[in-house]
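Printed here is protein26.cif (mmCIF, C-alpha atoms):
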data_input
#
loop_
_atom_site.group_PDB
_atom_site.id
_atom_site.type_symbol
_atom_site.label_atom_id
_atom_site.label_comp_id
_atom_site.auth_asym_id
_atom_site.auth_seq_id
_atom_site.Cartn_x
_atom_site.Cartn_y
_atom_site.Cartn_z
ATOM 1 C CA MET A 1 -104.651 -26.663 35.273
ATOM 2 C CA THR A 2 -106.809 -24.719 37.711
ATOM 3 C CA SER A 3 -105.619 -22.029 40.045
ATOM 4 C CA THR A 4 -106.378 -24.299 43.050
ATOM 5 C CA SER A 5 -104.272 -27.177 41.738
ATOM 6 C CA LEU A 6 -101.415 -24.781 40.992
ATOM 7 C CA HIS A 7 -101.651 -23.474 44.512
ATOM 8 C CA HIS A 8 -101.322 -27.024 45.902
ATOM 9 C CA GLN A 9 -98.131 -27.531 43.930
ATOM 10 C CA LEU A 10 -96.387 -24.631 45.673
ATOM 11 C CA ASP A 11 -93.477 -25.741 47.805
ATOM 12 C CA ARG A 12 -94.491 -25.022 51.372
ATOM 13 C CA VAL A 13 -90.913 -24.728 52.573
ATOM 14 C CA ILE A 14 -90.192 -21.904 50.128
ATOM 15 C CA HIS A 15 -93.652 -20.347 50.160
ATOM 16 C CA GLU A 16 -93.300 -19.013 53.719
ATOM 17 C CA LYS A 17 -92.545 -15.252 53.607
ATOM 18 C CA GLY A 18 -89.281 -15.266 55.546
ATOM 19 C CA ARG A 19 -87.839 -18.316 53.810
ATOM 20 C CA LEU A 20 -88.884 -17.014 50.388
ATOM 21 C CA ALA A 21 -86.949 -13.813 51.107
ATOM 22 C CA ILE A 22 -83.842 -15.783 52.137
ATOM 23 C CA VAL A 23 -84.006 -18.029 49.069
ATOM 24 C CA SER A 24 -84.589 -15.027 46.743
ATOM 25 C CA MET A 25 -81.492 -13.272 48.082
ATOM 26 C CA LEU A 26 -79.358 -16.385 47.817
ATOM 27 C CA ALA A 27 -80.579 -17.059 44.286
ATOM 28 C CA ALA A 28 -79.088 -13.726 43.207
ATOM 29 C CA ALA A 29 -75.977 -13.577 45.366
ATOM 30 C CA ARG A 30 -74.954 -17.266 45.428
ATOM 31 C CA GLU A 31 -73.413 -16.935 48.894
ATOM 32 C CA LEU A 32 -74.275 -14.563 51.737
ATOM 33 C CA SER A 33 -73.163 -14.325 55.324
ATOM 34 C CA PHE A 34 -75.572 -14.732 58.232
ATOM 35 C CA THR A 35 -75.105 -11.034 59.100
ATOM 36 C CA GLU A 36 -75.808 -9.890 55.564
ATOM 37 C CA ILE A 37 -79.094 -11.814 55.420
ATOM 38 C CA ARG A 38 -80.128 -10.758 58.920
ATOM 39 C CA GLU A 39 -79.520 -7.068 58.254
ATOM 40 C CA ALA A 40 -81.067 -7.063 54.794
ATOM 41 C CA LEU A 41 -84.248 -8.720 56.031
ATOM 42 C CA GLY A 42 -84.373 -7.189 59.507
ATOM 43 C CA MET A 43 -84.819 -10.585 61.176
ATOM 44 C CA THR A 44 -83.807 -11.562 64.684
ATOM 45 C CA ASP A 45 -81.024 -14.127 65.113
ATOM 46 C CA GLY A 46 -83.470 -16.751 66.424
ATOM 47 C CA ASN A 47 -85.948 -16.241 63.616
ATOM 48 C CA LEU A 48 -83.258 -16.448 60.950
ATOM 49 C CA ILE A 49 -81.682 -19.565 62.494
ATOM 50 C CA THR A 50 -85.086 -21.306 62.501
ATOM 51 C CA HIS A 51 -85.691 -20.495 58.839
ATOM 52 C CA LEU A 52 -82.178 -21.546 57.856
ATOM 53 C CA LYS A 53 -82.591 -24.865 59.674
ATOM 54 C CA THR A 54 -85.888 -25.541 57.896
ATOM 55 C CA LEU A 55 -84.285 -24.838 54.538
ATOM 56 C CA GLN A 56 -81.287 -26.963 55.488
ATOM 57 C CA TYR A 57 -83.463 -29.948 56.487
ATOM 58 C CA ALA A 58 -85.309 -29.665 53.172
ATOM 59 C CA GLY A 59 -81.936 -29.924 51.419
ATOM 60 C CA PHE A 60 -82.279 -26.470 49.874
ATOM 61 C CA LEU A 61 -79.468 -24.748 51.733
ATOM 62 C CA VAL A 62 -75.884 -25.341 52.806
ATOM 63 C CA VAL A 63 -74.479 -23.528 55.830
ATOM 64 C CA SER A 64 -70.710 -23.352 56.195
ATOM 65 C CA LYS A 65 -68.799 -22.041 59.159
ATOM 66 C CA THR A 66 -65.341 -20.568 58.664
ATOM 67 C CA PHE A 67 -63.166 -17.882 60.204
ATOM 68 C CA SER A 68 -62.485 -14.447 58.752
ATOM 69 C CA ASN A 69 -59.969 -12.215 60.549
ATOM 70 C CA HIS A 70 -60.152 -14.441 63.647
ATOM 71 C CA ARG A 71 -63.926 -14.046 63.752
ATOM 72 C CA PRO A 72 -66.385 -16.872 63.080
ATOM 73 C CA LEU A 73 -68.156 -16.403 59.775
ATOM 74 C CA THR A 74 -71.330 -18.288 58.860
ATOM 75 C CA THR A 75 -72.188 -18.286 55.180
ATOM 76 C CA CYS A 76 -75.219 -19.709 53.404
ATOM 77 C CA SER A 77 -75.703 -20.813 49.833
ATOM 78 C CA LEU A 78 -78.413 -22.615 47.888
ATOM 79 C CA THR A 79 -77.956 -26.238 46.853
ATOM 80 C CA GLY A 80 -78.843 -27.461 43.373
ATOM 81 C CA ASP A 81 -82.173 -28.729 44.743
ATOM 82 C CA GLY A 82 -82.812 -25.361 46.390
ATOM 83 C CA ARG A 83 -82.188 -23.504 43.146
ATOM 84 C CA LYS A 84 -84.448 -25.920 41.254
ATOM 85 C CA ALA A 85 -87.208 -25.567 43.859
ATOM 86 C CA PHE A 86 -86.939 -21.770 43.647
ATOM 87 C CA GLU A 87 -87.170 -21.855 39.853
ATOM 88 C CA GLN A 88 -90.230 -24.128 40.079
ATOM 89 C CA TYR A 89 -91.774 -21.764 42.591
ATOM 90 C CA LEU A 90 -91.243 -18.832 40.214
ATOM 91 C CA ASP A 91 -92.778 -20.866 37.357
ATOM 92 C CA HIS A 92 -95.851 -21.570 39.485
ATOM 93 C CA MET A 93 -96.208 -17.923 40.432
ATOM 94 C CA GLU A 94 -95.917 -16.815 36.819
ATOM 95 C CA ALA A 95 -98.424 -19.485 35.766
ATOM 96 C CA LEU A 96 -100.876 -18.179 38.363
ATOM 97 C CA VAL A 97 -100.521 -14.628 37.091
ATOM 98 C CA ARG A 98 -100.848 -15.737 33.445
ATOM 99 C CA GLN A 99 -103.931 -17.793 34.231
ATOM 100 C CA HIS A 100 -105.568 -14.877 35.959
ATOM 101 C CA ARG A 101 -104.789 -12.511 33.074
ATOM 102 C CA LYS A 102 -106.248 -14.976 30.559
ATOM 103 C CA ALA A 103 -109.393 -15.304 32.637
ATOM 104 C CA GLN A 104 -109.896 -11.537 32.647
ATOM 105 C CA PRO A 105 -112.063 -10.242 29.795
ATOM 106 C CA MET B 106 -103.679 -18.230 45.865
ATOM 107 C CA PRO B 107 -105.082 -15.029 44.378
ATOM 108 C CA SER B 108 -103.252 -13.720 41.363
ATOM 109 C CA ARG B 109 -102.614 -10.349 43.025
ATOM 110 C CA SER B 110 -100.793 -12.070 45.836
ATOM 111 C CA ALA B 111 -98.691 -14.001 43.291
ATOM 112 C CA GLU B 112 -97.817 -10.752 41.538
ATOM 113 C CA ALA B 113 -96.875 -9.138 44.847
ATOM 114 C CA ASN B 114 -94.709 -12.169 45.664
ATOM 115 C CA LEU B 115 -92.934 -11.930 42.329
ATOM 116 C CA ALA B 116 -92.333 -8.207 42.816
ATOM 117 C CA ALA B 117 -90.914 -8.807 46.301
ATOM 118 C CA ILE B 118 -88.673 -11.583 44.975
ATOM 119 C CA ARG B 119 -87.369 -9.302 42.240
ATOM 120 C CA THR B 120 -86.619 -6.494 44.723
ATOM 121 C CA LEU B 121 -84.800 -8.874 47.070
ATOM 122 C CA MET B 122 -82.774 -10.419 44.256
ATOM 123 C CA GLU B 123 -81.766 -6.985 42.980
ATOM 124 C CA ARG B 124 -80.886 -5.784 46.479
ATOM 125 C CA SER B 125 -78.710 -8.771 47.283
ATOM 126 C CA ALA B 126 -76.828 -8.371 44.011
ATOM 127 C CA LEU B 127 -75.933 -4.752 44.822
ATOM 128 C CA TYR B 128 -72.669 -3.579 46.284
ATOM 129 C CA ARG B 129 -73.687 -2.116 49.640
ATOM 130 C CA ARG B 130 -70.529 -0.593 51.028
ATOM 131 C CA ALA B 131 -70.682 3.200 51.354
ATOM 132 C CA VAL B 132 -69.353 4.791 48.173
ATOM 133 C CA ALA B 133 -69.279 8.407 49.430
ATOM 134 C CA PRO B 134 -66.099 8.037 51.559
ATOM 135 C CA LEU B 135 -64.359 6.463 48.555
ATOM 136 C CA GLN B 136 -65.285 9.412 46.376
ATOM 137 C CA VAL B 137 -64.196 11.930 48.999
ATOM 138 C CA LEU B 138 -60.896 10.059 49.323
ATOM 139 C CA ALA B 139 -60.366 10.063 45.539
ATOM 140 C CA GLY B 140 -61.298 13.758 45.448
ATOM 141 C CA VAL B 141 -58.907 14.802 48.200
ATOM 142 C CA VAL B 142 -56.013 12.809 46.701
ATOM 143 C CA GLY B 143 -56.864 14.147 43.221
ATOM 144 C CA VAL B 144 -56.867 17.796 44.287
ATOM 145 C CA THR B 145 -53.719 17.340 46.398
ATOM 146 C CA GLY B 146 -52.043 15.550 43.493
ATOM 147 C CA ALA B 147 -52.878 18.403 41.116
ATOM 148 C CA LEU B 148 -51.523 21.071 43.481
ATOM 149 C CA PHE B 149 -48.422 18.967 44.089
ATOM 150 C CA GLY B 150 -47.950 18.385 40.360
ATOM 151 C CA VAL B 151 -48.210 22.097 39.549
ATOM 152 C CA ALA B 152 -45.769 22.937 42.355
ATOM 153 C CA LEU B 153 -43.265 20.353 41.095
ATOM 154 C CA ASP B 154 -43.393 22.022 37.652
ATOM 155 C CA MET B 155 -42.687 18.916 35.546
ATOM 156 C CA LYS B 156 -41.686 19.779 32.009
ATOM 157 C CA ASP B 157 -41.654 16.278 30.546
ATOM 158 C CA PRO B 158 -45.193 14.981 29.916
ATOM 159 C CA ARG B 159 -43.964 11.410 30.490
ATOM 160 C CA GLN B 160 -43.015 12.333 34.044
ATOM 161 C CA THR B 161 -46.487 13.774 34.475
ATOM 162 C CA VAL B 162 -48.120 10.550 33.228
ATOM 163 C CA MET B 163 -46.016 8.508 35.673
ATOM 164 C CA PHE B 164 -46.818 10.911 38.485
ATOM 165 C CA TRP B 165 -50.561 10.452 37.889
ATOM 166 C CA MET B 166 -50.245 6.683 37.491
ATOM 167 C CA PHE B 167 -48.627 6.652 40.907
ATOM 168 C CA THR B 168 -51.394 8.894 42.295
ATOM 169 C CA GLY B 169 -53.981 6.435 40.919
ATOM 170 C CA LEU B 170 -52.157 3.602 42.617
ATOM 171 C CA VAL B 171 -52.231 5.529 45.919
ATOM 172 C CA VAL B 172 -56.010 6.088 45.577
ATOM 173 C CA GLY B 173 -56.544 2.408 44.715
ATOM 174 C CA THR B 174 -54.544 1.241 47.741
ATOM 175 C CA PHE B 175 -56.312 3.601 50.159
ATOM 176 C CA ALA B 176 -59.685 2.642 48.659
ATOM 177 C CA LEU B 177 -59.003 -1.051 49.315
ATOM 178 C CA VAL B 178 -57.998 -0.292 52.909
ATOM 179 C CA LEU B 179 -61.139 1.820 53.399
ATOM 180 C CA VAL B 180 -63.497 -0.817 51.974
ATOM 181 C CA ARG B 181 -61.815 -3.512 54.054
ATOM 182 C CA ARG B 182 -62.236 -1.404 57.194
ATOM 183 C CA GLN B 183 -65.910 -0.875 56.383
ATOM 184 C CA ALA B 184 -66.398 -4.620 55.904
ATOM 185 C CA LEU B 185 -64.572 -5.453 59.148
ATOM 186 C CA GLY B 186 -66.576 -2.840 61.047
ATOM 187 C CA ALA B 187 -69.833 -4.350 59.799
ATOM 188 C CA GLY B 188 -68.629 -7.888 60.575
ATOM 189 C CA GLU B 189 -68.971 -8.854 56.929
ATOM 190 C CA ARG B 190 -66.728 -10.352 54.307
ATOM 191 C CA PHE B 191 -64.603 -8.098 52.144
ATOM 192 C CA TRP B 192 -64.722 -10.155 48.975
ATOM 193 C CA THR B 193 -68.458 -10.508 48.375
ATOM 194 C CA PRO B 194 -70.106 -11.460 45.055
ATOM 195 C CA PRO B 195 -71.315 -7.833 44.501
ATOM 196 C CA ALA B 196 -67.763 -6.568 45.168
ATOM 197 C CA ARG B 197 -66.528 -9.036 42.542
ATOM 198 C CA ARG B 198 -69.150 -7.756 40.078
ATOM 199 C CA VAL B 199 -68.122 -4.130 40.610
ATOM 200 C CA LEU B 200 -64.472 -5.030 40.096
ATOM 201 C CA GLN B 201 -65.279 -7.015 36.960
ATOM 202 C CA ALA B 202 -67.240 -4.043 35.634
ATOM 203 C CA VAL B 203 -64.454 -1.498 36.177
ATOM 204 C CA CYS B 204 -61.568 -3.710 35.035
ATOM 205 C CA PRO B 205 -61.875 -3.333 31.224
ATOM 206 C CA GLY B 206 -61.960 0.479 31.405
ATOM 207 C CA PHE B 207 -59.094 0.647 33.897
ATOM 208 C CA ALA B 208 -57.034 -1.778 31.818
ATOM 209 C CA ALA B 209 -57.683 0.244 28.638
ATOM 210 C CA GLY B 210 -56.627 3.460 30.407
ATOM 211 C CA ALA B 211 -53.411 1.873 31.666
ATOM 212 C CA ILE B 212 -52.563 0.269 28.309
ATOM 213 C CA LEU B 213 -53.197 3.488 26.367
ATOM 214 C CA ALA B 214 -50.775 5.328 28.674
ATOM 215 C CA VAL B 215 -47.916 2.890 28.010
ATOM 216 C CA PRO B 216 -46.835 4.357 24.600
ATOM 217 C CA THR B 217 -46.511 7.774 26.219
ATOM 218 C CA LEU B 218 -43.638 6.461 28.346
ATOM 219 C CA SER B 219 -41.489 5.755 25.281
ATOM 220 C CA ASP B 220 -38.832 8.173 23.980
ATOM 221 C CA ARG B 221 -40.474 8.489 20.564
ATOM 222 C CA PRO B 222 -41.963 11.882 19.596
ATOM 223 C CA MET B 223 -45.346 10.194 19.181
ATOM 224 C CA GLY B 224 -45.197 9.165 22.829
ATOM 225 C CA LYS B 225 -44.689 12.740 23.963
ATOM 226 C CA ALA B 226 -47.521 14.008 21.777
ATOM 227 C CA MET B 227 -49.834 11.285 23.008
ATOM 228 C CA ALA B 228 -49.028 12.101 26.624
ATOM 229 C CA GLU B 229 -50.894 15.392 26.228
ATOM 230 C CA LEU B 230 -53.996 13.432 25.290
ATOM 231 C CA VAL B 231 -53.791 11.104 28.303
ATOM 232 C CA PRO B 232 -56.076 13.109 30.651
ATOM 233 C CA ALA B 233 -58.843 12.978 28.017
ATOM 234 C CA LEU B 234 -58.332 9.248 27.423
ATOM 235 C CA TRP B 235 -58.282 8.486 31.132
ATOM 236 C CA MET B 236 -61.447 10.491 31.739
ATOM 237 C CA VAL B 237 -63.328 8.604 29.022
ATOM 238 C CA CYS B 238 -62.024 5.206 30.194
ATOM 239 C CA TYR B 239 -62.810 6.016 33.819
ATOM 240 C CA GLY B 240 -66.292 7.290 32.936
ATOM 241 C CA LEU B 241 -67.039 4.082 31.025
ATOM 242 C CA SER B 242 -65.804 1.972 33.965
ATOM 243 C CA MET B 243 -67.917 3.918 36.413
ATOM 244 C CA HIS B 244 -70.960 3.632 34.163
ATOM 245 C CA ALA B 245 -70.541 -0.146 33.986
ATOM 246 C CA ALA B 246 -70.130 -0.410 37.780
ATOM 247 C CA ALA B 247 -73.155 1.813 38.404
ATOM 248 C CA PHE B 248 -75.491 -1.089 37.608
ATOM 249 C CA PHE B 249 -74.300 -2.829 40.789
ATOM 250 C CA LEU B 250 -74.476 0.205 43.092
ATOM 251 C CA PRO B 251 -77.579 1.248 45.113
ATOM 252 C CA ARG B 252 -77.745 4.686 43.557
ATOM 253 C CA GLY B 253 -75.543 4.446 40.527
ATOM 254 C CA PRO B 254 -73.234 7.360 39.824
ATOM 255 C CA GLN B 255 -74.309 7.457 36.166
ATOM 256 C CA LEU B 256 -74.358 11.242 36.115
ATOM 257 C CA LEU B 257 -70.775 11.425 37.339
ATOM 258 C CA ALA B 258 -69.783 8.787 34.789
ATOM 259 C CA TRP B 259 -71.336 10.826 31.976
ATOM 260 C CA LEU B 260 -69.604 13.956 33.262
ATOM 261 C CA PHE B 261 -66.222 12.208 32.990
ATOM 262 C CA ILE B 262 -67.023 10.901 29.505
ATOM 263 C CA ALA B 263 -68.231 14.317 28.310
ATOM 264 C CA THR B 264 -65.247 16.187 29.778
ATOM 265 C CA GLY B 265 -62.803 13.658 28.322
ATOM 266 C CA ALA B 266 -64.454 13.736 24.914
ATOM 267 C CA ALA B 267 -64.531 17.556 24.889
ATOM 268 C CA LEU B 268 -60.833 17.757 25.827
ATOM 269 C CA GLY B 269 -59.947 15.145 23.228
ATOM 270 C CA LEU B 270 -61.816 17.000 20.490
ATOM 271 C CA ALA B 271 -60.351 20.362 21.515
ATOM 272 C CA PHE B 272 -56.881 18.821 21.351
ATOM 273 C CA ALA B 273 -57.482 17.030 18.034
ATOM 274 C CA PHE B 274 -58.794 20.164 16.323
ATOM 275 C CA SER B 275 -56.048 22.303 17.887
ATOM 276 C CA TRP B 276 -58.536 24.535 19.672
ATOM 277 C CA TRP B 277 -56.528 23.909 22.791
ATOM 278 C CA LYS B 278 -52.731 23.762 23.035
ATOM 279 C CA PRO B 279 -52.040 22.348 26.492
ATOM 280 C CA LYS B 280 -49.239 23.731 28.630
ATOM 281 C CA PRO B 281 -47.389 21.231 30.897
ATOM 282 C CA SER B 282 -49.348 22.392 33.951
ATOM 283 C CA ASP B 283 -52.697 21.922 32.140
ATOM 284 C CA PHE B 284 -52.371 18.142 32.597
ATOM 285 C CA HIS B 285 -52.468 18.632 36.370
ATOM 286 C CA TRP B 286 -55.321 21.124 36.242
ATOM 287 C CA CYS B 287 -57.411 18.771 34.089
ATOM 288 C CA MET B 288 -56.746 15.789 36.345
ATOM 289 C CA GLY B 289 -57.288 17.846 39.499
ATOM 290 C CA THR B 290 -60.576 19.280 38.266
ATOM 291 C CA ALA B 291 -62.030 15.980 37.046
ATOM 292 C CA PHE B 292 -60.581 13.274 39.281
ATOM 293 C CA GLY B 293 -60.259 15.614 42.255
ATOM 294 C CA GLY B 294 -63.076 18.145 41.968
ATOM 295 C CA TYR B 295 -65.795 15.939 40.469
ATOM 296 C CA HIS B 296 -65.174 13.173 43.001
ATOM 297 C CA LEU B 297 -65.048 15.576 45.921
ATOM 298 C CA VAL B 298 -68.340 17.273 45.003
ATOM 299 C CA SER B 299 -70.026 13.938 44.211
ATOM 300 C CA GLY B 300 -68.754 12.377 47.455
ATOM 301 C CA VAL B 301 -70.016 15.267 49.591
ATOM 302 C CA VAL B 302 -73.426 15.264 47.851
ATOM 303 C CA LEU B 303 -73.716 11.477 48.197
ATOM 304 C CA ARG B 304 -72.707 11.594 51.877
ATOM 305 C CA TRP B 305 -75.388 14.200 52.510
ATOM 306 C CA ALA B 306 -77.951 12.075 50.620
ATOM 307 C CA GLU B 307 -76.953 8.958 52.576
ATOM 308 C CA LYS B 308 -77.437 10.801 55.866
ATOM 309 C CA ARG B 309 -80.892 11.878 54.777
ATOM 310 C CA ASP B 310 -81.807 8.429 53.441
ATOM 311 C CA PRO B 311 -79.777 5.636 55.131
ATOM 312 C CA ASP B 312 -81.447 3.018 52.890
ATOM 313 C CA LEU B 313 -79.035 4.115 50.182
ATOM 314 C CA VAL B 314 -76.296 2.061 51.768
ATOM 315 C CA SER B 315 -78.271 -0.791 53.296
#

Could you quickly redo this structure as C-alpha cells?
Amino acid sequence: MTSTSLHHQLDRVIHEKGRLAIVSMLAAARELSFTEIREALGMTDGNLITHLKTLQYAGFLVVSKTFSNHRPLTTCSLTGDGRKAFEQYLDHMEALVRQHRKAQP
Amino acid sequence: MPSRSAEANLAAIRTLMERSALYRRAVAPLQVLAGVVGVTGALFGVALDMKDPRQTVMFWMFTGLVVGTFALVLVRRQALGAGERFWTPPARRVLQAVCPGFAAGAILAVPTLSDRPMGKAMAELVPALWMVCYGLSMHAAAFFLPRGPQLLAWLFIATGAALGLAFAFSWWKPKPSDFHWCMGTAFGGYHLVSGVVLRWAEKRDPDLVS
C-alpha cells in the first residue's frame, strides 16, 4: 500500500487537529467534562462546541448533560465507533511511519 | 501525508492521552495540610505523654483519619472552584493506586491493639511499617500525578526501612515519645517541606497543575 493510498484512508473527522486532540484525550480518560477539555486544549467555547457537534454527528461522541452541585455539567465520552475510528487512525499513522522508515536506506 | 507529520501527530496524541490521564488537582496544599496536622499531632502526642503504645497507635490512626477527611474537603473545594467534577477517572486511578498500601498499613496496625505482649512489641514498629506502606502507596500514585513525588516516596520507604532495621537489630530502643517524634518528622516534616517546595515550583511553572 502506498503512502498516498494510506493518506486517503485517514478519517477526515478525526484527522482535523482540534478534533484529534479531543478524541485523544477522551481515549485515555473515558469521560471528560466540557470545562476540562476546554481548559486542557485552550479552545474557545464556540470552537469546542463546533468540534463536539461534528464528532457527535459522525457517531464518535456522546454528550450528556447532568447537574453537579446545582450546576449544569456537560460530559463527553467516546462511543464504540469513535474508539474504533481512533484506533484505526493510530494504525494508519503507524503504518505511514513504518513505510517511511522501510523506504529509508 | 509526510511521515514526519505522522510522527508529530503520534507524539501529540501520546502527550494528550498522558495529560488527560493525570490527576490535575493541586497536590501542594494537600501536602502542606498533611504536614501541619502531622507536626501538630506529634507535639500534641508528646505533650499528652502516652505510656501505652496502643494508645499511641490509636492516636495516630485518628490523626490519619483527620488528614484524610480534610484532604477530601480540600480536593472537593478545588474541584468546585474550578467548576469540575470531584470524582474524575484520574482521581479514581490515584485512589486505586494508594489503596493497597493504605490497607496494608491499617491491617498491620490491628494486632498492636490487642492485649497480648506481641501486640505491644509490634506497636513500637508501627511508625516504620506505616512509613514503608505510605511510601509504596505514594510511589504507585506518582505515576498519575503531573510531577510525581517519587523522591518523597523513596524518602518515606528509606526512613521506614532504616527505623525497622534499627529496631530489629536493637540498635535503637524506642522510648514512648519516639513514636511521636518519628511520625512528626516523617509525616509532618517531610510533607511540610515537600508541600512548600512544590507550591513554590507550581508558582514558577503553573503548567505543573494544568

Quick one: everything within 12 Å of Met43 of chain A, counting all atoms listed in the file, minus sequence neighbours fewer than 6 positions away in the same chain. Send it as a list in words.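 My list of contacting residues is Lys17, Gly18, Arg19, Ala21, Ile22, Phe34, Thr35, Glu36, Ile37, Ile49, Thr50, His51 and Leu52 of chain A.
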
Name the closest residue to chain A among the candidates B:Arg197, B:Arg130, B:Arg159, B:Arg190; distances are taken between atoms, counting all atoms listed in the file.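 Result for the nearest residue to chain A: B:Arg190.
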
Please evaluate the PyMOL selection byres ((chain A) within 10 of (chain B)) against the structure above and give the resulting residues as a ChimeraX atom specification. /A:3-8,10,15,17,20-37,39-41,68-69,71-75,89-90,92-101

I need the residues from that last selection saved to file as a compact mmCIF listing (two decimals), in the coordinates of the input (with C-alpha atoms), if you can.
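Output below, filename result-v4.txt:
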# COMPACT_ATOMS: atom_id res chain seq x y z
CA SER A 3 -105.62 -22.03 40.04
CA THR A 4 -106.38 -24.30 43.05
CA SER A 5 -104.27 -27.18 41.74
CA LEU A 6 -101.42 -24.78 40.99
CA HIS A 7 -101.65 -23.47 44.51
CA HIS A 8 -101.32 -27.02 45.90
CA LEU A 10 -96.39 -24.63 45.67
CA HIS A 15 -93.65 -20.35 50.16
CA LYS A 17 -92.54 -15.25 53.61
CA LEU A 20 -88.88 -17.01 50.39
CA ALA A 21 -86.95 -13.81 51.11
CA ILE A 22 -83.84 -15.78 52.14
CA VAL A 23 -84.01 -18.03 49.07
CA SER A 24 -84.59 -15.03 46.74
CA MET A 25 -81.49 -13.27 48.08
CA LEU A 26 -79.36 -16.39 47.82
CA ALA A 27 -80.58 -17.06 44.29
CA ALA A 28 -79.09 -13.73 43.21
CA ALA A 29 -75.98 -13.58 45.37
CA ARG A 30 -74.95 -17.27 45.43
CA GLU A 31 -73.41 -16.93 48.89
CA LEU A 32 -74.28 -14.56 51.74
CA SER A 33 -73.16 -14.32 55.32
CA PHE A 34 -75.57 -14.73 58.23
CA THR A 35 -75.10 -11.03 59.10
CA GLU A 36 -75.81 -9.89 55.56
CA ILE A 37 -79.09 -11.81 55.42
CA GLU A 39 -79.52 -7.07 58.25
CA ALA A 40 -81.07 -7.06 54.79
CA LEU A 41 -84.25 -8.72 56.03
CA SER A 68 -62.48 -14.45 58.75
CA ASN A 69 -59.97 -12.22 60.55
CA ARG A 71 -63.93 -14.05 63.75
CA PRO A 72 -66.39 -16.87 63.08
CA LEU A 73 -68.16 -16.40 59.78
CA THR A 74 -71.33 -18.29 58.86
CA THR A 75 -72.19 -18.29 55.18
CA TYR A 89 -91.77 -21.76 42.59
CA LEU A 90 -91.24 -18.83 40.21
CA HIS A 92 -95.85 -21.57 39.48
CA MET A 93 -96.21 -17.92 40.43
CA GLU A 94 -95.92 -16.82 36.82
CA ALA A 95 -98.42 -19.48 35.77
CA LEU A 96 -100.88 -18.18 38.36
CA VAL A 97 -100.52 -14.63 37.09
CA ARG A 98 -100.85 -15.74 33.44
CA GLN A 99 -103.93 -17.79 34.23
CA HIS A 100 -105.57 -14.88 35.96
CA ARG A 101 -104.79 -12.51 33.07

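Remark: for Arg38 of chain A, the closest of the candidate residues A:Arg83, A:Val13, A:Cys76, A:Lys65 is A:Cys76 (distances computed over all atoms listed in the file).
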
Just give me the gap between atom CA of Leu48 of chain A and atom CA of Ala116 of chain B in Å, one decimal is fine.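 Between these atoms lies a distance of 21.9 Å.
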
What is the distance, in Å and to one decimal place, between atom CA of Asp283 of chain B and atom CA of Leu303 of chain B? 28.4 Å

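Using all atoms listed in the file, the protein and nucleic acid residues lying no more than 8 Å from Gly140 of chain B, apart from those fewer than 6 places from it along its own chain, are Phe292, Gly293, Gly294, Tyr295, His296, Leu297, Val298 and Gly300 of chain B.
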
Residues proximal to (-60.1, 4.1, 51.9) were defined as those with any atom within 12 Å of that point in the file's coordinates, counting only C-alpha atoms. Which are they, as a compact mmCIF listing (two decimals) with C-alpha atoms, in the coordinates of the input?
# COMPACT_ATOMS: atom_id res chain seq x y z
CA ARG B 130 -70.53 -0.59 51.03
CA ALA B 131 -70.68 3.20 51.35
CA VAL B 132 -69.35 4.79 48.17
CA ALA B 133 -69.28 8.41 49.43
CA PRO B 134 -66.10 8.04 51.56
CA LEU B 135 -64.36 6.46 48.56
CA GLN B 136 -65.28 9.41 46.38
CA VAL B 137 -64.20 11.93 49.00
CA LEU B 138 -60.90 10.06 49.32
CA ALA B 139 -60.37 10.06 45.54
CA GLY B 140 -61.30 13.76 45.45
CA VAL B 141 -58.91 14.80 48.20
CA VAL B 142 -56.01 12.81 46.70
CA VAL B 171 -52.23 5.53 45.92
CA VAL B 172 -56.01 6.09 45.58
CA GLY B 173 -56.54 2.41 44.72
CA THR B 174 -54.54 1.24 47.74
CA PHE B 175 -56.31 3.60 50.16
CA ALA B 176 -59.68 2.64 48.66
CA LEU B 177 -59.00 -1.05 49.32
CA VAL B 178 -58.00 -0.29 52.91
CA LEU B 179 -61.14 1.82 53.40
CA VAL B 180 -63.50 -0.82 51.97
CA ARG B 181 -61.82 -3.51 54.05
CA ARG B 182 -62.24 -1.40 57.19
CA GLN B 183 -65.91 -0.88 56.38
CA ALA B 184 -66.40 -4.62 55.90

Nearest-residue call for Leu234 of chain B, choices B:Phe261, B:Trp192, B:Tyr128, B:Phe167, using only C-alpha atoms: B:Phe261

Can you spell out as an MDAnalysis selection string the set of residues that the PyMOL selection byres ((chain B and resi 235) around 12) selects in the structure I just provided? chainID B and resid 162 165:166 169 206:214 228:234 236:243 261:266 268:269 284 287:288 291:292

Length of the atom CA of Thr44 of chain A to atom CA of Ala85 of chain A vector [Å]: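 Atom CA of Thr44 of chain A sits 25.3 Å away from atom CA of Ala85 of chain A.
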
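Using all atoms listed in the file, the residues found no farther than 6 Å from segment 53-63 of chain A, other than those of its own chain fewer than 6 positions away, are Thr75, Cys76, Ser77, Leu78, Thr79, Asp81 and Gly82 of chain A.
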
Using all atoms of segment 162-173 of chain B that appear in the file, construct an axis-aligned enclosing box with 5 Å of padding on every side and provide its centre coordinates and edge lengths in Å, rounded to one decimal, as lines of an AutoDock Vina configuration file.
center_x = -51.3
center_y = 6.7
center_z = 39.6
size_x = 20.5
size_y = 18.5
size_z = 22.7

Could you write out as a short mmCIF file (atom, residue, chain, number, x, y, z; two decimals) with C-alpha atoms, in the frame of the given file the residues that the PyMOL selection byres ((chain B and resi 225) around 12) matches in the shown file?
data_model
loop_
_atom_site.label_atom_id
_atom_site.label_comp_id
_atom_site.auth_asym_id
_atom_site.auth_seq_id
_atom_site.Cartn_x
_atom_site.Cartn_y
_atom_site.Cartn_z
CA LYS B 156 -41.69 19.78 32.01
CA ASP B 157 -41.65 16.28 30.55
CA PRO B 158 -45.19 14.98 29.92
CA ARG B 159 -43.96 11.41 30.49
CA GLN B 160 -43.02 12.33 34.04
CA THR B 161 -46.49 13.77 34.48
CA VAL B 162 -48.12 10.55 33.23
CA ALA B 214 -50.78 5.33 28.67
CA VAL B 215 -47.92 2.89 28.01
CA PRO B 216 -46.84 4.36 24.60
CA THR B 217 -46.51 7.77 26.22
CA LEU B 218 -43.64 6.46 28.35
CA SER B 219 -41.49 5.76 25.28
CA ASP B 220 -38.83 8.17 23.98
CA ARG B 221 -40.47 8.49 20.56
CA PRO B 222 -41.96 11.88 19.60
CA MET B 223 -45.35 10.19 19.18
CA GLY B 224 -45.20 9.16 22.83
CA ALA B 226 -47.52 14.01 21.78
CA MET B 227 -49.83 11.28 23.01
CA ALA B 228 -49.03 12.10 26.62
CA GLU B 229 -50.89 15.39 26.23
CA LEU B 230 -54.00 13.43 25.29
CA VAL B 231 -53.79 11.10 28.30
CA PRO B 281 -47.39 21.23 30.90
#
